[in-house]
Amino acid sequence: MIRRLIFLGFLTFAACGRQPSTGAPRPQAEFDLVLENGHVVDGTGAAWFLGDVAIVGDRIARVGAAGSLRRFPAKQRLDVRGLVIAPGFIDIQSGTNFLGDGRSVSKVTQGITTEILGEGGTPAPTNDKTAAGGQFATGGPQGTGAYPGPHGFRAWLDAMQAHGTSPNVGSFIGAATVRVYAKGQAIGKPDAAELDTMRAVVRRAMEDGAFGIGSALIYPPGNYATTDELTEMAKAMSPYGGIYITHMRSEADALLEAIDEAITIGTKGGVPVEIYHLKAAGTRNWVKGPAAIAKIDSARRAGVDVQADMYPYVAGGTGLSACTPPWASENGKLIDNLQNPEMRAKIKAEMNNPHTEWENLCLLAGPEGVLVLGLNKPENKQYAGKRLSEIAPMMNKSWDDAAMDLLISERQRIGTVYFLMSEDNVKLNLAQPWIKFGTDAGGVDPDSARGLTHPRAYGTFPKILGHYVRDEKVMPLEDAVRKATSAVATRLSIPDRGLLREGFFADIAVFDPNTINDHSTFESPHVLSEGVKYVFVNGTLIVRDGRHTGAKPGRVLHGPGAR
C-alpha cells in the first residue's frame, strides 16, 4: 500500500510537467557557459541568493548555489560577482519595426530580450482597405498591402523571423487594423457583414499567433470603434486564450469611465483585460490616479481579471495629429480638411474647446507642455525639440494654427511628447502588484538615429531599476524584476520564459544594481543606458559590456491559440 502511494505521488509530480530533482546535474553533463557568483534574482519575486546559472544551447541547464557547478565541465565560465543575474526583461508595449534594423539596440541594452507589438494597429493582415493610405493618425503602424490573404498575420510574423531579430518578438493584432480591414476608415457602426468579417479576422489572427487584440481608442480610426464591436471581437478571441489590451478611450477627463468600458469589454467578451500605460493625464485629473487604482482593485476583488502596465515618465508620446478631433481624420482626409477654410475653422474651434468628447491632448498639456520632435522637412528642422509655445511665436501664429500648419507641411503625424502626469502618481502606479512595464517605443540605433525621440526608448527599465528601485526605494528589486519578467510571461501565456529555471529558454540579463541608470533625456535622447553588462537571448550573447554584439538569435513568439 505504501509503495502504491509513493508511485501515485510520483505520477502526480510528473503530471505537473516536472521531474523529481536529483540534487545535481549528471556528472557527464557539459555546460556551454556558467555564470558564476552572481546575485540571482529568478523572476518569481523571491529573495536574491548567491548563485550560478548554467546554459546549454538555448536553454538554462542548471541554477544552483554559488560554487555548486564548479566541479562540472563547462566550455566557458564568466565570473559575475557583484552583478545581478535576472531573466531577460519583457517589453509588453513595443513599437519596434523588426523589418528594419532588427537589432533594437536601445532596447536590448536595457536588458530587454522580448518585445511585444500591437497597440492599435499592425502591418497585417492587409487588403485593399488597409492599403488605402492616410492612416498616420492611428496608434500603430498600418498595412502596406504586403500581407494579404486569410493568414496575412502569420505571414508578417514569418517575415520578421526570416529577417532576423536580436530580441524575441510577438504581437497582438491591432483593433484598428481589424476595423479598417472590414469597414475602411469610415465613422459609424459596422453592419452585420462587416462585423462578421471582424470576427473572422480576429479568429484567423489568433490561430496565426496573435496574443490577443490591442486597441488604441484615442486615435482615428481606432476610436471610431464602439464598445459593442470591441466586445464582439473579444468574444471571437476568447476560445483562443487571448487578452484584450487597450490604450483606453480616455486617460484624462473620462479616465474612470474608460476603465469601466475596458472592464465591460473584457467581462462581456470573456477575456482578461490589460490597460496600456496606466496614467491620470492633465493636472486637473491627477487626483484620479488613486481612484483609478481603487477601481481596478475593486474589480479584481469582484473576480474581474484586469491588470495594467506603465512607463516611468511624466510625459507621454504620440502624434501632433492627436491635437485634432478624430472626425477630421475620417477616410484619411485630415490634411484635406486642414486646408479647407470652413473645415479648418471647425477643427480649430474644437481644439480650443475644454469640454470635448475626445482626448484633447494639446489643451490637457497646454502649448508649453507639447514638445515637438519628429519633423522631417528641412524648413521645419528649426522647430524640432521645441515646445509648441515656443514654435508659435517663431511662426508668428497662434499655437493651434502653428500645429495645423506643421501637419500640413509635414504630411505625417509628427512625433510629439506631451507632459501630462505627476511624479507622485508614477510612483504610486509602480508599487501596484498587478503592474507591468512597457516602453511604448520602438528600438533605436543611436549611431544612425535621425531626429529626436522619447527617452523611454532607451531608458525605461534602467530608470525603474536605478532611480525608482535603488534610489527612491519605491519597490524591492525582486518585485521590480518579477514585474519586468514572469508577470508578463504569465499574463501572455508565454511558455518557458520569464524565469531563471532549469529547462527555460536562456533569456538572461546581467546588470550592476549599483550603476544601472538611464541617461537619455528629452533634449538629448540618443544615449544608451548604463549598467547592463551582458544580455543573452536563447543562449546567445547579444550585449557584452553594454555594447551590442550584432547577433540576431531572436525568435517569433506565438500566442496560446496558435495552430
# chains A, B, ... in the order shown; residues from 1 in each chain; ligands from 1

call {"tool": "select_by_dssp", "arguments": {"residues": "region 115-223 of chain A", "states": "helix (DSSP H, G or I)", "output": "PyMOL selection string"}}
result
chain A and resi 130-132+152-163+175-183+192-208+222-223

call {"tool": "write_last_selection", "arguments": {"atoms": "C-alpha atoms", "output": "PDB file, in the first residue's frame"}}
result
ATOM      1  CA  THR A 130      -5.866  48.785 -45.187  1.00  0.00           C
ATOM      2  CA  ALA A 131      -3.604  49.716 -48.087  1.00  0.00           C
ATOM      3  CA  ALA A 132      -5.636  52.822 -48.946  1.00  0.00           C
ATOM      4  CA  GLY A 152      -1.589  37.553 -43.532  1.00  0.00           C
ATOM      5  CA  PHE A 153      -0.865  37.965 -39.833  1.00  0.00           C
ATOM      6  CA  ARG A 154       1.209  34.791 -39.797  1.00  0.00           C
ATOM      7  CA  ALA A 155       2.964  35.911 -42.979  1.00  0.00           C
ATOM      8  CA  TRP A 156       4.065  39.073 -41.163  1.00  0.00           C
ATOM      9  CA  LEU A 157       5.332  37.082 -38.173  1.00  0.00           C
ATOM     10  CA  ASP A 158       7.177  34.741 -40.517  1.00  0.00           C
ATOM     11  CA  ALA A 159       8.707  37.714 -42.339  1.00  0.00           C
ATOM     12  CA  MET A 160      10.143  39.044 -39.073  1.00  0.00           C
ATOM     13  CA  GLN A 161      11.591  35.630 -38.261  1.00  0.00           C
ATOM     14  CA  ALA A 162      13.187  35.355 -41.690  1.00  0.00           C
ATOM     15  CA  HIS A 163      14.555  38.914 -41.470  1.00  0.00           C
ATOM     16  CA  ALA A 175      -8.109  46.523 -33.312  1.00  0.00           C
ATOM     17  CA  ALA A 176      -7.905  49.466 -35.733  1.00  0.00           C
ATOM     18  CA  THR A 177      -6.438  47.152 -38.362  1.00  0.00           C
ATOM     19  CA  VAL A 178      -9.328  44.733 -37.888  1.00  0.00           C
ATOM     20  CA  ARG A 179     -11.857  47.541 -38.250  1.00  0.00           C
ATOM     21  CA  VAL A 180     -10.208  49.083 -41.315  1.00  0.00           C
ATOM     22  CA  TYR A 181      -9.883  45.647 -42.921  1.00  0.00           C
ATOM     23  CA  ALA A 182     -13.652  45.240 -42.643  1.00  0.00           C
ATOM     24  CA  LYS A 183     -15.004  48.775 -42.917  1.00  0.00           C
ATOM     25  CA  ALA A 192     -23.706  42.676 -39.846  1.00  0.00           C
ATOM     26  CA  ALA A 193     -21.447  41.636 -42.719  1.00  0.00           C
ATOM     27  CA  GLU A 194     -18.612  43.893 -41.560  1.00  0.00           C
ATOM     28  CA  LEU A 195     -18.913  42.561 -38.026  1.00  0.00           C
ATOM     29  CA  ASP A 196     -18.705  39.005 -39.344  1.00  0.00           C
ATOM     30  CA  THR A 197     -15.527  39.961 -41.190  1.00  0.00           C
ATOM     31  CA  MET A 198     -14.061  41.437 -37.997  1.00  0.00           C
ATOM     32  CA  ARG A 199     -14.747  38.232 -36.103  1.00  0.00           C
ATOM     33  CA  ALA A 200     -13.176  36.141 -38.849  1.00  0.00           C
ATOM     34  CA  VAL A 201     -10.061  38.343 -38.996  1.00  0.00           C
ATOM     35  CA  VAL A 202      -9.637  38.042 -35.226  1.00  0.00           C
ATOM     36  CA  ARG A 203     -10.065  34.255 -35.228  1.00  0.00           C
ATOM     37  CA  ARG A 204      -7.535  33.807 -38.024  1.00  0.00           C
ATOM     38  CA  ALA A 205      -5.039  36.124 -36.334  1.00  0.00           C
ATOM     39  CA  MET A 206      -5.339  34.185 -33.080  1.00  0.00           C
ATOM     40  CA  GLU A 207      -4.683  30.956 -34.958  1.00  0.00           C
ATOM     41  CA  ASP A 208      -1.732  32.674 -36.639  1.00  0.00           C
ATOM     42  CA  GLY A 222      -9.354  53.202 -33.689  1.00  0.00           C
ATOM     43  CA  ASN A 223     -11.639  55.474 -31.695  1.00  0.00           C
TER      44      ASN A 223
END

call {"tool": "residues_around", "arguments": {"residues": "Val469 (chain A)", "least_positions_apart": "3", "cutoff": "12 Å", "atoms": "only C-alpha atoms", "output": "number ranges by chain"}}
result
A: 312, 427, 430-431, 461-466, 472-481, 513-517

call {"tool": "closest_atom_pairs", "arguments": {"of": "region 278-355 of chain A", "to": "region 387-400 of chain A", "cutoff": "9 Å", "atoms": "only C-alpha atoms", "output": "tab-separated table"}}
result
residue	atom	partner	partner_atom	distance
A:Cys323	CA	A:Asp400	CA	8.7
A:Lys348	CA	A:Asp400	CA	6.7
A:Met351	CA	A:Asp400	CA	7.2
A:Asn352	CA	A:Asp400	CA	8.0

call {"tool": "write_last_selection", "arguments": {"atoms": "N, CA and C atoms", "output": "PDB file, in the first residue's frame"}}
result
ATOM      1  N   CYS A 323      -3.839  66.265 -31.576  1.00  0.00           N
ATOM      2  CA  CYS A 323      -4.433  67.522 -31.117  1.00  0.00           C
ATOM      3  C   CYS A 323      -5.671  67.898 -31.919  1.00  0.00           C
ATOM      4  N   LYS A 348     -10.381  74.012 -35.555  1.00  0.00           N
ATOM      5  CA  LYS A 348      -9.744  74.937 -34.617  1.00  0.00           C
ATOM      6  C   LYS A 348     -10.634  75.200 -33.409  1.00  0.00           C
ATOM      7  N   MET A 351     -10.354  72.274 -31.134  1.00  0.00           N
ATOM      8  CA  MET A 351      -9.046  72.202 -30.493  1.00  0.00           C
ATOM      9  C   MET A 351      -8.968  73.123 -29.271  1.00  0.00           C
ATOM     10  N   ASN A 352      -9.774  74.174 -29.268  1.00  0.00           N
ATOM     11  CA  ASN A 352      -9.782  75.128 -28.159  1.00  0.00           C
ATOM     12  C   ASN A 352     -10.934  74.919 -27.187  1.00  0.00           C
TER      13      ASN A 352
END

call {"tool": "closest_residue", "arguments": {"among": "A:Glu229, A:Glu357, A:Asp101, A:Asp91", "to": "Gly118 (chain A)", "atoms": "only C-alpha atoms"}}
result
A:Asp91

call {"tool": "atom_distance", "arguments": {"atom1": "CA of Asn168 (chain A)", "atom2": "CA of Glu502 (chain A)"}}
result
19.4 Å

call {"tool": "closest_residue", "arguments": {"among": "A:Ile112, A:Ala308, A:Ile347, A:Val372", "to": "Ile296 (chain A)", "atoms": "only C-alpha atoms"}}
result
A:Ala308

call {"tool": "select_by_dssp", "arguments": {"residues": "region 285-397 of chain A", "states": "strand (DSSP E or B)", "output": "short mmCIF file (atom, residue, chain, number, x, y, z; two decimals) with C-alpha atoms, in the first residue's frame"}}
result
data_model
loop_
_atom_site.label_atom_id
_atom_site.label_comp_id
_atom_site.auth_asym_id
_atom_site.auth_seq_id
_atom_site.Cartn_x
_atom_site.Cartn_y
_atom_site.Cartn_z
CA VAL A 306 -7.96 43.36 -15.04
CA GLN A 307 -4.33 44.46 -14.78
CA ALA A 308 -2.15 47.24 -16.21
CA ASP A 309 1.30 48.26 -17.33
CA MET A 310 3.19 51.57 -17.49
CA ALA A 315 5.36 62.65 -20.31
CA GLY A 316 3.71 60.51 -22.93
CA GLY A 317 4.41 60.42 -26.63
CA THR A 318 2.18 60.26 -29.70
CA GLY A 319 1.47 62.33 -32.80
CA VAL A 370 3.77 69.97 -26.02
CA LEU A 371 7.31 69.11 -27.20
CA VAL A 372 7.52 68.61 -30.97
CA LYS A 386 10.91 72.98 -29.06
CA ARG A 387 7.64 73.42 -27.20
#

call {"tool": "residues_around", "arguments": {"residues": "Gly554 (chain A)", "least_positions_apart": "4", "cutoff": "8 Å", "atoms": "only C-alpha atoms", "output": "ChimeraX atom specification"}}
result
/A:161,164-169,537-538
